[in-house]
file coords.csv (CSV, C-alpha atoms)
chain,number,residue,atom,x,y,z
A,156,MET,CA,-39.7,36.5,50.4
A,157,TYR,CA,-37.8,38.3,47.7
A,158,SER,CA,-38.6,41.8,46.8
A,159,THR,CA,-39.5,42.8,43.2
A,160,ASN,CA,-36.1,44.5,43.0
A,161,ASN,CA,-34.3,41.4,44.2
A,162,MET,CA,-36.2,39.3,41.7
A,163,LYS,CA,-35.1,41.6,38.9
A,164,ILE,CA,-31.5,41.4,40.1
A,165,SER,CA,-31.7,37.6,40.2
A,166,TYR,CA,-33.2,37.5,36.7
A,167,LEU,CA,-30.6,39.8,35.3
A,168,HIS,CA,-27.9,37.8,37.0
A,169,PHE,CA,-29.3,34.6,35.4
A,170,LEU,CA,-29.3,36.3,32.0
A,171,PHE,CA,-25.8,37.5,32.5
A,172,VAL,CA,-24.5,34.0,33.4
A,173,PHE,CA,-26.5,32.4,30.6
A,174,PHE,CA,-25.2,34.8,27.9
A,175,GLY,CA,-21.8,34.6,29.4
A,176,PHE,CA,-21.9,30.9,29.0
A,177,LEU,CA,-23.0,31.2,25.4
A,178,LEU,CA,-20.2,33.6,24.7
A,179,PHE,CA,-17.7,31.3,26.3
A,180,GLN,CA,-19.0,28.4,24.2
A,181,GLY,CA,-18.7,30.6,21.1
A,182,LEU,CA,-15.1,31.4,22.0
A,183,PHE,CA,-14.5,27.7,22.7
A,184,VAL,CA,-15.8,26.8,19.3
A,185,SER,CA,-13.8,29.5,17.6
A,186,VAL,CA,-10.6,28.3,19.3
A,187,TYR,CA,-11.1,24.6,19.2
A,188,GLY,CA,-13.2,24.5,16.1
A,189,LEU,CA,-15.4,21.4,15.9
A,190,SER,CA,-16.8,19.0,18.3
A,191,GLU,CA,-15.2,15.6,18.8
A,192,ASN,CA,-17.9,14.0,16.7
A,193,GLU,CA,-17.3,16.4,13.8
A,194,LYS,CA,-13.5,15.9,14.0
A,195,ASP,CA,-14.0,12.1,14.0
A,196,GLN,CA,-16.2,12.5,10.9
A,197,MET,CA,-13.5,14.5,9.2
A,198,TYR,CA,-11.0,11.8,10.1
A,199,PHE,CA,-13.3,9.1,8.8
A,200,ASP,CA,-13.6,11.0,5.5
A,201,ALA,CA,-9.8,11.4,5.3
A,202,GLU,CA,-9.3,7.7,5.9
A,203,SER,CA,-11.8,7.0,3.1
A,204,TYR,CA,-9.8,9.2,0.7
A,205,PHE,CA,-6.6,7.4,1.8
A,206,ALA,CA,-8.1,4.0,1.2
A,207,ASN,CA,-9.1,5.0,-2.3
A,208,GLY,CA,-5.7,6.4,-3.1
A,209,ASN,CA,-6.7,10.0,-3.0
A,210,PHE,CA,-3.7,11.1,-0.9
A,211,THR,CA,-3.9,14.8,-1.7
A,212,GLN,CA,-7.5,15.0,-0.3
A,213,ALA,CA,-6.6,12.8,2.6
A,214,MET,CA,-3.6,15.0,3.5
A,215,GLN,CA,-5.7,18.2,3.3
A,216,LEU,CA,-8.3,16.8,5.7
A,217,TYR,CA,-5.6,15.6,8.1
A,218,ASP,CA,-4.1,19.1,8.0
A,219,ASP,CA,-7.5,20.6,8.6
A,220,ILE,CA,-8.1,18.4,11.6
A,221,LEU,CA,-4.6,19.3,13.1
A,222,THR,CA,-5.3,23.0,12.6
A,223,ILE,CA,-8.3,22.5,14.8
A,224,ASP,CA,-6.7,20.0,17.2
A,225,PRO,CA,-2.9,19.7,17.0
A,226,ASP,CA,-2.9,16.6,19.2
A,227,TYR,CA,-5.4,14.5,17.2
A,228,SER,CA,-3.1,11.5,17.0
A,229,GLY,CA,-5.1,9.7,14.3
A,230,ALA,CA,-4.6,12.6,11.9
A,231,ILE,CA,-0.8,12.7,12.7
A,232,ALA,CA,-0.4,9.0,12.0
A,233,GLY,CA,-2.6,9.5,8.9
A,234,LYS,CA,-0.1,12.0,7.5
A,235,GLY,CA,2.7,9.5,8.3
A,236,ALA,CA,0.8,6.9,6.3
A,237,VAL,CA,0.6,9.3,3.3
A,238,PHE,CA,4.3,9.9,3.4
A,239,TYR,CA,4.9,6.2,3.7
A,240,ARG,CA,2.9,5.6,0.5
A,241,MET,CA,5.0,8.3,-1.1
A,242,SER,CA,8.1,6.3,-0.1
A,243,ASP,CA,9.3,9.1,2.1
A,244,PHE,CA,9.9,6.7,5.0
A,245,SER,CA,11.9,9.1,7.2
A,246,THR,CA,9.2,11.7,7.3
A,247,ALA,CA,6.6,9.0,7.8
A,248,ILE,CA,8.6,7.7,10.9
A,249,ASN,CA,8.7,11.2,12.3
A,250,TYR,CA,4.9,11.5,12.2
A,251,TYR,CA,4.5,8.0,13.7
A,252,ASP,CA,6.8,9.1,16.5
A,253,LYS,CA,4.6,12.1,17.2
A,254,ALA,CA,1.5,10.0,17.2
A,255,ILE,CA,3.1,7.4,19.5
A,256,ALA,CA,4.2,10.2,21.9
A,257,ILE,CA,0.5,11.1,22.3
A,258,ASN,CA,-0.9,7.6,22.4
A,259,SER,CA,1.9,5.0,23.1
A,260,THR,CA,-0.5,2.1,23.4
A,261,ASN,CA,-2.1,2.3,19.9
A,262,PRO,CA,-1.1,-0.9,18.1
A,263,TYR,CA,-1.7,0.6,14.7
A,264,PHE,CA,0.8,3.5,15.3
A,265,LEU,CA,3.4,1.0,16.6
A,266,SER,CA,2.9,-1.4,13.7
A,267,ASP,CA,3.0,1.4,11.1
A,268,LYS,CA,6.3,2.6,12.5
A,269,GLY,CA,7.7,-0.9,12.5
A,270,ILE,CA,6.7,-1.4,8.9
A,271,ALA,CA,8.3,1.9,7.9
A,272,LEU,CA,11.5,0.9,9.8
A,273,LEU,CA,11.4,-2.4,7.9
A,274,ALA,CA,11.2,-0.4,4.6
A,275,ILE,CA,14.5,1.3,5.3
A,276,GLY,CA,16.3,-1.9,6.4
A,277,LEU,CA,16.2,-1.4,10.1
A,278,ASP,CA,14.9,-4.9,10.8
A,279,SER,CA,15.8,-5.2,14.5
A,280,GLN,CA,14.2,-1.9,15.4
A,281,ALA,CA,11.2,-2.8,13.3
A,282,GLU,CA,10.8,-6.1,15.0
A,283,LYS,CA,10.6,-4.4,18.4
A,284,TYR,CA,7.8,-2.1,17.4
A,285,LEU,CA,5.9,-4.8,15.6
A,286,ASN,CA,6.2,-7.1,18.7
A,287,ASP,CA,5.0,-4.2,20.9
A,288,ALA,CA,1.9,-3.9,18.6
A,289,LEU,CA,1.2,-7.6,18.9
A,290,ASN,CA,1.5,-7.5,22.7
A,291,ILE,CA,-1.4,-5.1,22.6
A,292,LEU,CA,-3.3,-6.6,19.8
A,293,PRO,CA,-2.2,-10.2,19.0
A,294,THR,CA,-4.5,-10.4,15.9
A,295,HIS,CA,-3.2,-7.3,14.2
A,296,VAL,CA,-2.5,-8.7,10.7
A,297,ASP,CA,-0.2,-5.9,9.5
A,298,ALA,CA,2.1,-6.5,12.5
A,299,LEU,CA,2.0,-10.3,11.9
A,300,ASN,CA,2.9,-9.8,8.3
A,301,GLY,CA,5.6,-7.3,9.3
A,302,ILE,CA,7.2,-9.9,11.6
A,303,ALA,CA,6.9,-12.5,8.9
A,304,ASN,CA,8.8,-10.1,6.6
A,305,VAL,CA,11.6,-9.8,9.1
A,306,TYR,CA,12.0,-13.6,9.1
A,307,SER,CA,11.8,-13.6,5.3
A,308,HIS,CA,14.7,-11.1,5.1
A,309,GLN,CA,16.6,-13.5,7.5
A,310,LYS,CA,15.7,-16.5,5.3
A,311,ASN,CA,14.1,-18.1,8.3
A,312,TYR,CA,11.2,-19.5,6.3
A,313,GLU,CA,9.9,-21.8,9.0
A,314,GLN,CA,9.3,-18.9,11.3
A,315,GLU,CA,7.9,-16.8,8.5
A,316,LEU,CA,5.3,-19.6,7.8
A,317,VAL,CA,4.2,-19.5,11.5
A,318,TYR,CA,3.4,-15.8,11.3
A,319,ARG,CA,1.8,-16.0,7.8
A,320,THR,CA,-0.4,-18.8,9.1
A,321,SER,CA,-1.5,-16.7,12.0
A,322,VAL,CA,-2.5,-14.0,9.5
A,323,LEU,CA,-4.6,-16.5,7.5
A,324,ILE,CA,-6.4,-17.7,10.6
A,325,VAL,CA,-7.6,-14.1,11.2
A,326,GLU,CA,-8.0,-13.2,7.5
A,327,PRO,CA,-8.1,-16.2,5.2
A,328,ASP,CA,-7.9,-14.1,2.0
A,329,ASN,CA,-5.1,-11.8,3.0
A,330,GLN,CA,-3.1,-11.3,-0.1
A,331,GLU,CA,0.3,-10.4,1.5
A,332,ALA,CA,0.1,-13.6,3.6
A,333,LEU,CA,-0.8,-15.9,0.7
A,334,VAL,CA,2.0,-14.5,-1.5
A,335,GLY,CA,4.3,-14.7,1.5
A,336,MET,CA,3.4,-18.3,2.1
A,337,GLY,CA,4.2,-19.0,-1.6
A,338,ASN,CA,7.6,-17.2,-1.3
A,339,ALA,CA,8.4,-19.0,1.9
A,340,TYR,CA,7.7,-22.5,0.4
A,341,PHE,CA,9.8,-21.4,-2.6
A,342,GLY,CA,12.6,-20.6,-0.2
A,343,LEU,CA,12.2,-24.1,1.3
A,344,LYS,CA,12.3,-25.5,-2.3
A,345,ASP,CA,8.8,-27.0,-1.8
A,346,TYR,CA,7.6,-25.8,-5.2
A,347,ASP,CA,4.3,-27.6,-5.3
A,348,LYS,CA,3.2,-25.8,-2.1
A,349,ALA,CA,4.5,-22.6,-3.4
A,350,ILE,CA,2.4,-22.8,-6.6
A,351,SER,CA,-0.6,-23.9,-4.5
A,352,PHE,CA,-0.4,-20.7,-2.4
A,353,TYR,CA,0.3,-18.5,-5.4
A,354,ASP,CA,-2.9,-19.9,-7.0
A,355,LYS,CA,-4.9,-19.2,-3.9
A,356,ALA,CA,-3.7,-15.6,-4.0
A,357,MET,CA,-4.5,-15.4,-7.7
A,358,ASN,CA,-8.1,-16.3,-6.9
A,359,VAL,CA,-8.3,-13.3,-4.6
A,360,ASN,CA,-6.5,-10.9,-7.0
A,361,PRO,CA,-5.0,-12.0,-10.3
A,362,GLN,CA,-3.5,-8.5,-10.8
A,363,ASN,CA,-1.0,-8.8,-7.9
A,364,VAL,CA,2.4,-8.3,-9.5
A,365,ASN,CA,4.4,-9.8,-6.7
A,366,LEU,CA,2.3,-13.0,-7.0
A,367,LEU,CA,2.9,-13.2,-10.8
A,368,VAL,CA,6.7,-12.7,-10.3
A,369,GLY,CA,6.8,-15.3,-7.5
A,370,LYS,CA,5.0,-17.8,-9.6
A,371,GLY,CA,7.4,-17.0,-12.5
A,372,ASN,CA,10.3,-17.7,-10.2
A,373,VAL,CA,9.0,-21.1,-9.4
A,374,PHE,CA,8.7,-22.0,-13.0
A,375,LEU,CA,12.1,-20.6,-13.7
A,376,GLN,CA,13.5,-22.8,-10.9
A,377,ILE,CA,11.9,-26.0,-12.2
A,378,LYS,CA,13.0,-25.0,-15.8
A,379,ASP,CA,9.5,-24.6,-17.2
A,380,TYR,CA,10.7,-21.6,-19.2
A,381,ASP,CA,7.5,-21.0,-21.2
A,382,SER,CA,5.4,-20.8,-18.1
A,383,ALA,CA,7.9,-18.6,-16.4
A,384,LEU,CA,7.9,-16.1,-19.3
A,385,LEU,CA,4.1,-16.1,-19.3
A,386,GLN,CA,4.0,-15.1,-15.7
A,387,TYR,CA,6.7,-12.4,-16.0
A,388,ASP,CA,5.0,-11.0,-19.1
A,389,LYS,CA,1.7,-10.8,-17.2
A,390,ALA,CA,3.5,-8.9,-14.5
A,391,LEU,CA,5.0,-6.5,-17.0
A,392,PHE,CA,1.6,-6.0,-18.6
A,393,ILE,CA,0.5,-4.5,-15.2
A,394,ASP,CA,3.8,-2.8,-14.4
A,395,PRO,CA,6.0,-2.4,-17.4
A,396,VAL,CA,9.0,-1.3,-15.4
A,397,ASN,CA,8.9,-4.0,-12.7
A,398,VAL,CA,12.6,-4.8,-12.1
A,399,ASN,CA,12.0,-8.2,-10.5
A,400,ALA,CA,9.9,-9.4,-13.5
A,401,LEU,CA,12.5,-8.1,-15.9
A,402,GLN,CA,15.3,-9.8,-14.0
A,403,GLY,CA,13.4,-13.1,-14.0
A,404,LYS,CA,12.8,-12.8,-17.7
A,405,SER,CA,16.4,-12.0,-18.4
A,406,GLN,CA,17.5,-15.1,-16.5
A,407,VAL,CA,15.1,-17.2,-18.6
A,408,TYR,CA,16.9,-16.1,-21.7
A,409,VAL,CA,20.3,-16.7,-20.2
A,410,ASN,CA,19.3,-20.2,-19.3
A,411,LEU,CA,18.0,-20.7,-22.9
A,412,GLY,CA,21.3,-19.5,-24.3
A,413,GLU,CA,19.7,-16.4,-25.9
A,414,ASN,CA,22.3,-14.0,-24.4
A,415,GLU,CA,21.6,-11.1,-26.8
A,416,THR,CA,17.9,-10.9,-25.7
A,417,ALA,CA,19.0,-11.3,-22.1
A,418,ALA,CA,21.4,-8.4,-22.5
A,419,GLU,CA,18.7,-6.1,-24.0
A,420,ILE,CA,16.5,-6.8,-21.0
A,421,TYR,CA,19.4,-6.2,-18.6
A,422,GLN,CA,19.9,-2.8,-20.3
A,423,GLN,CA,16.3,-1.9,-19.6
A,424,ILE,CA,16.8,-2.8,-15.9
A,425,GLU,CA,19.9,-0.5,-15.7
A,426,ILE,CA,17.9,2.4,-17.3
A,427,ILE,CA,15.1,1.9,-14.8
A,428,LYS,CA,17.4,1.8,-11.8
A,429,ASN,CA,19.1,5.0,-12.9
A,430,VAL,CA,15.9,7.0,-13.2
A,431,ASP,CA,15.2,9.5,-10.5
A,432,PRO,CA,12.3,8.1,-8.4
A,433,GLN,CA,10.6,11.5,-8.5
A,434,ILE,CA,10.3,11.4,-12.2
A,435,GLY,CA,8.0,8.4,-12.0
A,436,LYS,CA,7.7,5.4,-14.3
A,437,ILE,CA,9.4,5.2,-17.6
A,438,ARG,CA,6.8,5.4,-20.4
A,439,ASN,CA,9.0,4.5,-23.3
A,440,ASP,CA,7.1,2.9,-26.1
A,441,VAL,CA,3.9,2.4,-24.1
A,442,SER,CA,1.6,5.2,-25.3
A,443,ILE,CA,-0.6,4.2,-28.2
A,444,THR,CA,-1.4,7.7,-29.1
A,445,GLU,CA,2.2,8.9,-29.0
A,446,THR,CA,3.8,6.1,-30.9
A,447,LYS,CA,1.0,5.7,-33.4
A,448,LYS,CA,1.5,1.9,-33.3
A,449,ILE,CA,0.5,-0.9,-31.1
A,450,PRO,CA,3.5,-1.9,-28.9
A,451,ASP,CA,4.6,-5.6,-29.0
A,452,TRP,CA,3.7,-6.2,-25.4
A,453,ILE,CA,0.1,-5.2,-26.1
A,454,LYS,CA,0.0,-7.6,-29.0
A,455,THR,CA,1.3,-10.3,-26.7
A,456,VAL,CA,-1.5,-9.7,-24.2
A,457,PHE,CA,-4.1,-10.2,-26.8
A,458,LYS,CA,-2.4,-13.3,-28.0
A,459,TRP,CA,-2.7,-14.7,-24.5
A,460,PHE,CA,-6.4,-13.8,-24.6
A,461,SER,CA,-6.9,-15.5,-27.9
A,462,ASP,CA,-5.3,-18.7,-26.8
A,463,GLY,CA,-7.1,-18.7,-23.4
A,464,SER,CA,-4.0,-18.0,-21.2
A,465,ILE,CA,-5.8,-15.0,-19.6
A,466,SER,CA,-9.4,-14.2,-19.2
A,467,GLU,CA,-11.4,-11.2,-20.7
A,468,ASP,CA,-11.8,-9.9,-17.1
A,469,GLU,CA,-8.0,-9.9,-16.6
A,470,VAL,CA,-7.5,-8.0,-19.9
A,471,ILE,CA,-10.1,-5.4,-19.0
A,472,LYS,CA,-8.7,-4.9,-15.5
A,473,GLY,CA,-5.2,-4.6,-16.8
A,474,LEU,CA,-6.2,-2.0,-19.4
A,475,GLU,CA,-8.2,0.0,-16.8
A,476,PHE,CA,-5.1,0.1,-14.5
A,477,LEU,CA,-2.8,1.2,-17.4
A,478,ILE,CA,-5.2,4.0,-18.4
A,479,LYS,CA,-5.7,5.1,-14.8
A,480,GLU,CA,-1.9,5.3,-14.3
A,481,ARG,CA,-1.5,7.0,-17.7
A,482,ILE,CA,0.9,4.3,-18.9
A,483,ILE,CA,-1.5,4.1,-21.8
A,484,VAL,CA,-2.7,7.6,-22.8
A,485,VAL,CA,-6.1,7.7,-24.5
A,486,GLU,CA,-6.9,10.8,-26.4
A,487,SER,CA,-10.4,11.8,-27.5
A,488,ARG,CA,-10.9,14.2,-30.4
A,489,ILE,CA,-14.1,15.9,-31.5
A,490,MET,CA,-14.2,15.8,-35.3

call {"tool": "encode", "arguments": {"input": "coords.csv", "output": "C-alpha cells"}}
result
Amino acid sequence: MYSTNNMKISYLHFLFVFFGFLLFQGLFVSVYGLSENEKDQMYFDAESYFANGNFTQAMQLYDDILTIDPDYSGAIAGKGAVFYRMSDFSTAINYYDKAIAINSTNPYFLSDKGIALLAIGLDSQAEKYLNDALNILPTHVDALNGIANVYSHQKNYEQELVYRTSVLIVEPDNQEALVGMGNAYFGLKDYDKAISFYDKAMNVNPQNVNLLVGKGNVFLQIKDYDSALLQYDKALFIDPVNVNALQGKSQVYVNLGENETAAEIYQQIEIIKNVDPQIGKIRNDVSITETKKIPDWIKTVFKWFSDGSISEDEVIKGLEFLIKERIIVVESRIM
C-alpha cells in the first residue's frame, strides 16, 4: 500500500502532468491558432465571399488562414482564384502551383491551373492539366469546359461538342456549355442548332453577354441585320465597352453600306483597346447625373421595352447591373 506521502507525491505528479498538458495545449493553440474545424469554417466563409464577388473579403480570410496554417492548400488555391478573376494569370498560376505541390491529386487545383494557362494562350500545357483533373474526377464540369475551349481554339468543333455534351449530361443548365454548343454549331454553319442552344442558354440567363453576341453573329451570318443589331445592342446595354459586340455591330453597318457609322464604331473599339486595363471600363456618355441628359442607348433600351423586344425583368436586371458597376451613377440629394 502507498503511504500518505507517496499518495501526495502521486497527486502532485498528476497535477503537474495535467497542467503541463494544458500549458502545452495553450502553446499549441497560440502557435497553430485554430482547430481544423475553425479553419475549415473560415475557408467556407472565404469561399462564400468569393462566390458573391467580394474578393477583398475573401482574400483577407485566405490570408488569415495562411497566417495560422501556411500549408492550407485550399486557401492558397483560393488566392490563386482571386488573382485569376483580377486577370493576373501569372500570379494565379504561381498560387495554383503552390497548392498542387501540397496536394497534387486535387482535381480542382489542376483544373484551375489548366484554365489559367488557357487564358494566356498555353493551350497544350492547359490540356495536360485539364486531362489530369478529368482522370481524377471525370465529371468535373470546369475541366470538361476547359478541354472544350481548347478544341474551340483549334476550330475542332466536333470534338468540342463531345465535351460540351458531357458537361450538359452532368449539369443540364450549365451556361458555358450551352453557349459553347451554340458557338460550335455556328462554327459548323448549322445556324438553326446554334440559335436553338443560344435560346436554351437565354432561358437560364438572359443577361449573358457572350450569348447575346453569339446570337448576333448568327443573325449577321444569315444577313438578318435588324435581329443582329438588336442582339448586339442588348449586349452593349449590359457591357457598353464589349469589343466583340461593337465589332459585330460595325460589320453590320459595313454590310449595309453605312461606312461612316461603321467607322465611328471602329474608332470606339480602338479607344477601348488602348485603355490601360487597370483604369477600368470607359464611362464616356453613360452617367445620367454627369451628362444631365439621357444617353441614346438608354432611349433605345426603353424603345425595345415598349415594343416588346425585351421584358420588364430584363430592363430591371440590366439597370441593377449598371448601377452596381457604377456605369450609371445615381446621386441622391436631400433638399

call {"tool": "residues_around", "arguments": {"input": "coords.csv", "residues": "Lys404 of chain A", "least_positions_apart": "3", "cutoff": "7 Å", "atoms": "only C-alpha atoms", "output": "list in words"}}
result
Leu384, Tyr387, Ala400, Leu401, Val407 and Tyr408 of chain A

call {"tool": "closest_residue", "arguments": {"input": "coords.csv", "among": "A:Gln406, A:Ser266, A:Gln212, A:Asn304", "to": "Gln376 of chain A", "atoms": "all atoms listed in the file"}}
result
A:Gln406

call {"tool": "residues_around", "arguments": {"input": "coords.csv", "residues": "Ser245 of chain A", "least_positions_apart": "6", "cutoff": "10 Å", "atoms": "all atoms listed in the file", "output": "NGL selection string"}}
result
:A and (235 or 238-239 or 251 or 271-272 or 274-275)

call {"tool": "residues_near_point", "arguments": {"input": "coords.csv", "point": "(1.3, 8.1, 17.0)", "cutoff": "6 Å", "atoms": "all atoms listed in the file", "output": "list of chain:residue names"}}
result
A:Ser228, A:Ala232, A:Tyr251, A:Asp252, A:Lys253, A:Ala254, A:Ile255, A:Asn258, A:Phe264

call {"tool": "axis_aligned_box", "arguments": {"input": "coords.csv", "around": "segment 279-287 of chain A", "padding_each_side": "6 Å", "output": "AutoDock Vina command-line options"}}
result
--center_x 10.4 --center_y -4.5 --center_z 17.1 --size_x 22.8 --size_y 17.2 --size_z 19.6

call {"tool": "residues_around", "arguments": {"input": "coords.csv", "residues": "Gly233 of chain A", "least_positions_apart": "2", "cutoff": "8 Å", "atoms": "only C-alpha atoms", "output": "list in words"}}
result
Glu202, Met214, Tyr217, Gly229, Ala230, Ile231, Gly235, Ala236 and Val237 of chain A

call {"tool": "residues_around", "arguments": {"input": "coords.csv", "residues": "Thr320 of chain A", "least_positions_apart": "6", "cutoff": "12 Å", "atoms": "all atoms listed in the file", "output": "JSON, numbers by chain"}}
result
{"A": [294, 296, 299, 300, 302, 303, 312, 313, 314, 326, 327, 328, 329, 331, 332, 333, 334, 335, 336, 337, 339, 352]}

call {"tool": "residues_around", "arguments": {"input": "coords.csv", "residues": "Phe341 of chain A", "least_positions_apart": "6", "cutoff": "10 Å", "atoms": "only C-alpha atoms", "output": "short mmCIF file (atom, residue, chain, number, x, y, z; two decimals) with C-alpha atoms, in the coordinates of the input"}}
result
data_model
loop_
_atom_site.label_atom_id
_atom_site.label_comp_id
_atom_site.auth_asym_id
_atom_site.auth_seq_id
_atom_site.Cartn_x
_atom_site.Cartn_y
_atom_site.Cartn_z
CA TYR A 312 11.20 -19.50 6.30
CA GLY A 335 4.30 -14.70 1.50
CA ASP A 347 4.30 -27.60 -5.30
CA LYS A 348 3.20 -25.80 -2.10
CA ALA A 349 4.50 -22.60 -3.40
CA ILE A 350 2.40 -22.80 -6.60
CA GLY A 369 6.80 -15.30 -7.50
CA LYS A 370 5.00 -17.80 -9.60
CA ASN A 372 10.30 -17.70 -10.20
CA VAL A 373 9.00 -21.10 -9.40
CA GLN A 376 13.50 -22.80 -10.90
#

call {"tool": "closest_residue", "arguments": {"input": "coords.csv", "among": "A:Met197, A:Leu221, A:Ala256, A:Leu375", "to": "Val409 of chain A", "atoms": "only C-alpha atoms"}}
result
A:Leu375

call {"tool": "atom_distance", "arguments": {"input": "coords.csv", "atom1": "atom CA of Ile270 of chain A", "atom2": "atom CA of Leu292 of chain A"}}
result
15.7 Å

call {"tool": "atom_distance", "arguments": {"input": "coords.csv", "atom1": "atom CA of Val396 of chain A", "atom2": "atom CA of Leu367 of chain A"}}
result
14.1 Å

call {"tool": "build_atoms", "arguments": {"input": "coords.csv", "residues": "segment 365-379 of chain A", "atoms": "N, CA and C atoms", "output": "short mmCIF file (atom, residue, chain, number, x, y, z; two decimals), in the frame of the given file"}}
result
data_model
loop_
_atom_site.label_atom_id
_atom_site.label_comp_id
_atom_site.auth_asym_id
_atom_site.auth_seq_id
_atom_site.Cartn_x
_atom_site.Cartn_y
_atom_site.Cartn_z
N ASN A 365 3.49 -9.00 -7.46
CA ASN A 365 4.40 -9.80 -6.70
C ASN A 365 4.07 -11.31 -6.81
N LEU A 366 2.78 -11.59 -6.85
CA LEU A 366 2.30 -13.00 -7.00
C LEU A 366 2.76 -13.52 -8.37
N LEU A 367 2.58 -12.76 -9.43
CA LEU A 367 2.90 -13.20 -10.80
C LEU A 367 4.46 -13.44 -10.87
N VAL A 368 5.23 -12.53 -10.29
CA VAL A 368 6.70 -12.70 -10.30
C VAL A 368 7.10 -13.92 -9.52
N GLY A 369 6.48 -14.11 -8.35
CA GLY A 369 6.80 -15.30 -7.50
C GLY A 369 6.51 -16.56 -8.24
N LYS A 370 5.37 -16.62 -8.90
CA LYS A 370 5.00 -17.80 -9.60
C LYS A 370 5.98 -18.04 -10.81
N GLY A 371 6.36 -16.94 -11.47
CA GLY A 371 7.40 -17.00 -12.50
C GLY A 371 8.67 -17.59 -12.03
N ASN A 372 9.06 -17.18 -10.81
CA ASN A 372 10.30 -17.70 -10.20
C ASN A 372 10.29 -19.17 -9.97
N VAL A 373 9.12 -19.67 -9.58
CA VAL A 373 9.00 -21.10 -9.40
C VAL A 373 9.20 -21.85 -10.69
N PHE A 374 8.52 -21.38 -11.73
CA PHE A 374 8.70 -22.00 -13.00
C PHE A 374 10.08 -21.93 -13.56
N LEU A 375 10.74 -20.80 -13.28
CA LEU A 375 12.10 -20.60 -13.70
C LEU A 375 13.00 -21.69 -12.96
N GLN A 376 12.73 -21.89 -11.68
CA GLN A 376 13.50 -22.80 -10.90
C GLN A 376 13.35 -24.27 -11.38
N ILE A 377 12.14 -24.63 -11.79
CA ILE A 377 11.90 -26.00 -12.20
C ILE A 377 12.09 -26.13 -13.77
N LYS A 378 12.64 -25.06 -14.38
CA LYS A 378 13.00 -25.00 -15.80
C LYS A 378 11.84 -25.17 -16.75
N ASP A 379 10.68 -24.68 -16.30
CA ASP A 379 9.50 -24.60 -17.20
C ASP A 379 9.52 -23.14 -17.73
#
